[in-house]
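> Before I ask anything, here is the structure I am working with.
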Amino acid sequence: MKSISVIGSGTMGNGIAHVFAQHGYTVSLIDIKSEFLEKGLATISKNMDRQVAKGAISAEEKETSLARISTFTSLEEGVKNADLVVEAATENMSLKLDIFRQLDQFSPAKSILATNTSSISITKIAAVTKRPAQVIGMHFMNPVPVMKLVEVIRGYATSDEVTQTIMGLSRNLSKDPVEVNDYPGFVANRILMPMINEAIYSLYEGVAGVSEIDTVMKLGMAHPMGPLQLADFIGLDVCLSILRVLHDGFGNPKYAPCPLLVNMVEAGFKGVKTGEGFYQYT
Ligand code: CAA
C-alpha cells in the first residue's frame with residue numbers, strides 16, 4: 001500500500017491525510033471545491049507546526065510530509081491510482097452511498113474502500129458496490145494526529161484478508177487498531193453517546209450545571225474533557241444523529257436523545273463550529 005486517497009478535507013479528512021503523509025504514504029486529498037482543499041492543507045500545516053514546536057518532528061519532515069499530498073476536485077482523477085480510499089465526507093447516508101458508487105466505478109478493482117463514518121452501517125455502504133468484501137470501516141478519532149485509536153469495523157461481507165490489511169496499515173500509522181463488528185454505533189459511539197446523552201439529561205433535569213457536570217467527569221473519572229465540552233467539540237448535530245442511529249437501530253428507548261439536545265440543534269447551537277453549544281466559543 002503506497003497510494004492513499006482521502007475524500008473530504010474537513011476536520012477528519014485533513015487529519016487522516018496528515019497522518020498518512022507523515023508516515024510516508026502518497027496522499028491524494030479530494031474535495032468538491034479548491035477553497036476547501038486550501039483550508040484543509042492550511043490546517044495540516046498548522047497542526048504540523050504544533051508538532052515541530054514540540055520537537056516531535058523536524059521542520060524538514062514537515063515539508064517532506066506536506067509534499068506527499070496532492071489535491072483534486074475531481075473524484076475520478078483523485079482515486080484512479082488508489083491502493084486505499086478513505087472516505088471522510090459529511091455524515092450523510094445518501095451522500096456516502098453516492099460516493100461509494102463512484103469509488104467503485106473509478107478506483108482500481110483491487111483497491112480497498114474504507115469509510116470513516118461514525119455511525120452509518122458499513123454493510124449498507126458496501127452493498128452499493130460490486131466489491132463488498134473490500135469495503136471496511138476505518139474510524140479515526142478527533143484530533144486524528146493525537147488520538148491513538150482506529151476502530152476497524154467489519155461489514156457483514158468484509159473479508160478476513162482486507163480486515164488484516166487495514167489492522168496492519170493502522171499500526172504502520174502508529175495507531176492502535178481495534179476490530180469490531182458492524183452494529184449501530186459500533187463500540188466507540190455506542191458507549192460514548194449514551195454517556196453524553198446522560199450528561200445532557202443531568203443538565204436538563206437540573207441535577208447540576210454545565211461546568212459542574214464536566215468537572216465531575218474530568219476530575220472524578222480522569223477524562224481529558226467533560227462530556228458536555230466533548231459534545232460541543234464533536235458537534236451537537238453529530239451527537240444527535242448518532243443517538244438517532246442507536247435509537248432506530250436497536251429500538252430501545254434508552255437511546256432516545258434528550259429533548260434539550262434536540263432543541264439546541266434545532267436552534268442552531270451546535271457547539272464549537274457554530275460558536276455556541278453548552279459553552280461559548282469566540
Ligand atoms: N494536530 C496535532 N497535534 C495536536 C492537535 C492536532 N489537531 N491537537 C492537539 N495536538 C497536540 C498538542 O500539540 C499537544 O501536544 P503535546 O502533548 O506534545 O504537548 C497535545 O495534542 C495536547 O493538546 P493541548 O495541550 O492543546 O490540549 P489538551 O491537553 O487539552 O488536549 C485534546 C487536547 C487532545 C483534544 C484533549 O482534550 C482530548 O483528548 N480530548 C478528548 C478527545 C476525544 O475524546 N476525542 C474523541 C472524540 S469522538 C470522535 O472523534 C469520534 C466520533 O465518532 C464522534
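Order determines the names: the first chain of the C-alpha cells is A, the second B, and so forth; residues in each chain are numbered 1 upward, and ligands are numbered 1 upward as they are shown.
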List as an mmCIF file with N, CA and C atoms, in the first residue's frame the protein and nucleic acid residues lying within 8 Å of ligand 1, with only C-alpha atoms and all ligand atoms counted.


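Just written: selection-v3.cif:
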data_model
loop_
_atom_site.group_PDB
_atom_site.id
_atom_site.type_symbol
_atom_site.label_atom_id
_atom_site.label_comp_id
_atom_site.auth_asym_id
_atom_site.auth_seq_id
_atom_site.Cartn_x
_atom_site.Cartn_y
_atom_site.Cartn_z
ATOM 1 N N GLY A 15 -7.092 15.525 8.973
ATOM 2 C CA GLY A 15 -6.330 14.794 9.987
ATOM 3 C C GLY A 15 -5.837 13.448 9.453
ATOM 4 N N ILE A 44 -3.536 21.314 8.055
ATOM 5 C CA ILE A 44 -2.488 20.293 8.214
ATOM 6 C C ILE A 44 -1.163 20.980 8.541
ATOM 7 N N LYS A 46 -0.667 23.893 9.900
ATOM 8 C CA LYS A 46 -0.728 24.471 11.258
ATOM 9 C C LYS A 46 -0.556 23.368 12.320
ATOM 10 N N ASN A 47 -1.213 22.227 12.101
ATOM 11 C CA ASN A 47 -1.091 21.131 13.076
ATOM 12 C C ASN A 47 0.314 20.515 13.064
ATOM 13 N N MET A 48 0.949 20.509 11.878
ATOM 14 C CA MET A 48 2.336 20.020 11.828
ATOM 15 C C MET A 48 3.265 21.012 12.536
ATOM 16 N N ARG A 50 2.555 22.616 15.195
ATOM 17 C CA ARG A 50 2.485 22.278 16.626
ATOM 18 C C ARG A 50 3.478 21.163 16.930
ATOM 19 N N GLN A 51 3.541 20.183 16.015
ATOM 20 C CA GLN A 51 4.440 19.042 16.240
ATOM 21 C C GLN A 51 5.901 19.471 16.133
ATOM 22 N N LYS A 54 6.844 21.229 19.299
ATOM 23 C CA LYS A 54 7.059 20.289 20.416
ATOM 24 C C LYS A 54 8.299 19.429 20.216
ATOM 25 N N ALA A 56 8.420 17.051 18.056
ATOM 26 C CA ALA A 56 8.007 15.698 17.650
ATOM 27 C C ALA A 56 8.464 15.384 16.234
ATOM 28 N N THR A 117 -16.951 6.742 8.605
ATOM 29 C CA THR A 117 -18.255 7.033 9.230
ATOM 30 C C THR A 117 -18.254 6.724 10.727
ATOM 31 N N SER A 118 -18.966 7.556 11.483
ATOM 32 C CA SER A 118 -19.044 7.301 12.919
ATOM 33 C C SER A 118 -20.285 6.487 13.261
ATOM 34 N N SER A 119 -21.199 6.299 12.312
ATOM 35 C CA SER A 119 -22.432 5.601 12.682
ATOM 36 C C SER A 119 -23.189 4.934 11.537
ATOM 37 N N HIS A 139 -12.443 3.997 11.451
ATOM 38 C CA HIS A 139 -12.994 5.130 12.209
ATOM 39 C C HIS A 139 -11.897 5.738 13.072
ATOM 40 N N PHE A 140 -11.389 6.868 12.600
ATOM 41 C CA PHE A 140 -10.368 7.618 13.341
ATOM 42 C C PHE A 140 -11.074 8.505 14.362
ATOM 43 N N MET A 141 -10.340 8.929 15.376
ATOM 44 C CA MET A 141 -10.904 9.814 16.402
ATOM 45 C C MET A 141 -10.289 11.208 16.267
ATOM 46 N N ASN A 142 -11.036 12.210 16.628
ATOM 47 C CA ASN A 142 -10.620 13.606 16.530
ATOM 48 C C ASN A 142 -9.956 14.057 17.852
ATOM 49 N N PRO A 143 -8.807 14.725 17.844
ATOM 50 C CA PRO A 143 -7.967 15.082 16.696
ATOM 51 C C PRO A 143 -7.128 13.888 16.215
ATOM 52 N N VAL A 144 -7.247 13.626 14.917
ATOM 53 C CA VAL A 144 -6.645 12.407 14.343
ATOM 54 C C VAL A 144 -5.135 12.295 14.604
ATOM 55 N N PRO A 145 -4.346 13.386 14.484
ATOM 56 C CA PRO A 145 -2.904 13.214 14.715
ATOM 57 C C PRO A 145 -2.560 12.838 16.163
ATOM 58 N N VAL A 146 -3.507 13.061 17.086
ATOM 59 C CA VAL A 146 -3.217 12.844 18.510
ATOM 60 C C VAL A 146 -3.787 11.518 19.023
ATOM 61 N N MET A 147 -4.995 11.178 18.614
ATOM 62 C CA MET A 147 -5.702 10.040 19.214
ATOM 63 C C MET A 147 -5.182 8.723 18.643
ATOM 64 N N ALA A 188 -17.304 2.517 19.862
ATOM 65 C CA ALA A 188 -16.955 3.843 20.391
ATOM 66 C C ALA A 188 -18.213 4.660 20.692
ATOM 67 N N ASN A 189 -19.053 4.820 19.690
ATOM 68 C CA ASN A 189 -20.208 5.702 19.886
ATOM 69 C C ASN A 189 -21.368 5.034 20.614
ATOM 70 N N LEU A 192 -19.944 5.958 24.077
ATOM 71 C CA LEU A 192 -19.745 7.400 24.298
ATOM 72 C C LEU A 192 -21.061 8.186 24.273
ATOM 73 N N HIS A 223 -11.262 12.043 32.703
ATOM 74 C CA HIS A 223 -11.496 12.269 31.279
ATOM 75 C C HIS A 223 -10.813 13.587 30.891
ATOM 76 N N PRO A 224 -10.157 13.652 29.707
ATOM 77 C CA PRO A 224 -9.484 14.908 29.350
ATOM 78 C C PRO A 224 -10.436 16.070 29.154
ATOM 79 N N MET A 225 -11.655 15.776 28.721
ATOM 80 C CA MET A 225 -12.702 16.803 28.586
ATOM 81 C C MET A 225 -13.953 16.246 29.243
ATOM 82 N N LEU A 230 -17.022 17.856 25.377
ATOM 83 C CA LEU A 230 -16.724 16.914 24.288
ATOM 84 C C LEU A 230 -17.846 16.926 23.251
ATOM 85 N N PHE A 233 -17.393 19.785 21.066
ATOM 86 C CA PHE A 233 -16.218 19.552 20.217
ATOM 87 C C PHE A 233 -16.591 18.615 19.050
ATOM 88 N N ILE A 234 -17.386 17.592 19.330
ATOM 89 C CA ILE A 234 -17.820 16.646 18.285
ATOM 90 C C ILE A 234 -18.839 17.323 17.362
ATOM 91 N N VAL A 238 -24.007 16.193 15.255
ATOM 92 C CA VAL A 238 -23.439 14.856 15.033
ATOM 93 C C VAL A 238 -23.867 13.926 16.174
ATOM 94 N N CYS A 239 -23.799 14.437 17.413
ATOM 95 C CA CYS A 239 -24.225 13.621 18.565
ATOM 96 C C CYS A 239 -25.686 13.193 18.405
#

> Can you tell me which residues surround Thr90 in chain A at a distance of at most 9 Å, considering only C-alpha atoms, apart from same-chain residues fewer than 5 positions away, and format the answer as a PyMOL selection string?

chain A and resi 8+10+95-96+117

> Go ahead and write the residues just picked, C-alpha atoms, as a PDB file, in the first residue's frame.


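selection10.pdb, written as the output of this step:
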ATOM      1  CA  GLY A   8     -13.116  15.210   2.237  1.00  0.00           C
ATOM      2  CA  GLY A  10     -12.702  18.800   6.700  1.00  0.00           C
ATOM      3  CA  LEU A  95     -24.098  11.313   0.022  1.00  0.00           C
ATOM      4  CA  LYS A  96     -21.951   8.418   1.226  1.00  0.00           C
ATOM      5  CA  THR A 117     -18.255   7.033   9.230  1.00  0.00           C
TER       6      THR A 117
END

> Which residues in range 155-277 of chain A does DSSP call strand (DSSP E or B)? List them as a PyMOL selection string.

chain A and resi 176-181+271+276

> Determine, counting only C-alpha atoms, which protein, DNA and RNA residues have an atom within 10 Å of an atom of range 213-216 of chain A; residues of the same chain fewer than 3 positions away are not included. Present the result as JSON, numbers by chain.

{"A": [199, 200, 202, 203, 207, 208, 209, 210, 219, 220, 221, 222, 223, 224, 225, 226, 227, 228, 229, 230]}

> Tell me which protein, DNA and RNA residues are within 9 Å of range 249-257 of chain A, counting only C-alpha atoms, leaving out same-chain ones fewer than 5 positions away, and put them as an MDAnalysis selection string.

chainID A and resid 183:185 193:194 197 201 239:240 243:244 262

> Could you pull out the alpha helix (DSSP H) residues of range 25-111 of chain A, going by DSSP on the backbone, and write them as a ChimeraX atom specification?

/A:34-53,59-67,75-79,93-106

> Find the distance between CA of Ile69 in chain A and CA of Ser159 in chain A and write it in Å to one decimal.

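Between these atoms lies a distance of 29.3 Å.
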
> If I take CA of Ile136 in chain A and CA of Thr71 in chain A, how far is one from the other in Å, to one decimal?

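CA of Ile136 in chain A sits 23.7 Å away from CA of Thr71 in chain A.
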
> Rounded to one decimal, what separation in Å do you get between CA of Ser170 in chain A and CA of Asn92 in chain A?

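For CA of Ser170 in chain A relative to CA of Asn92 in chain A, the distance reads 24.8 Å.
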
> Mind checking which residues fall within 8 Å of Gly78 in chain A, counting only C-alpha atoms, ignoring those fewer than 4 positions away in the same chain, and posting them as a count of residues only?

9

> Would you mind telling me which residue in A:Leu169, A:Val135, A:Leu37, A:Gly55 lies nearest to Asn116 in chain A when using only C-alpha atoms?

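So, comparing all the options, the nearest one is A:Val135.
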
> Could you tell me which of A:Ser65, A:Ser70, A:Ser58, A:Asn14 comes closest to Thr43 in chain A if we count only C-alpha atoms?

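Ranking A:Ser65, A:Ser70, A:Ser58, A:Asn14 by distance to Thr43 in chain A, first place goes to A:Asn14.
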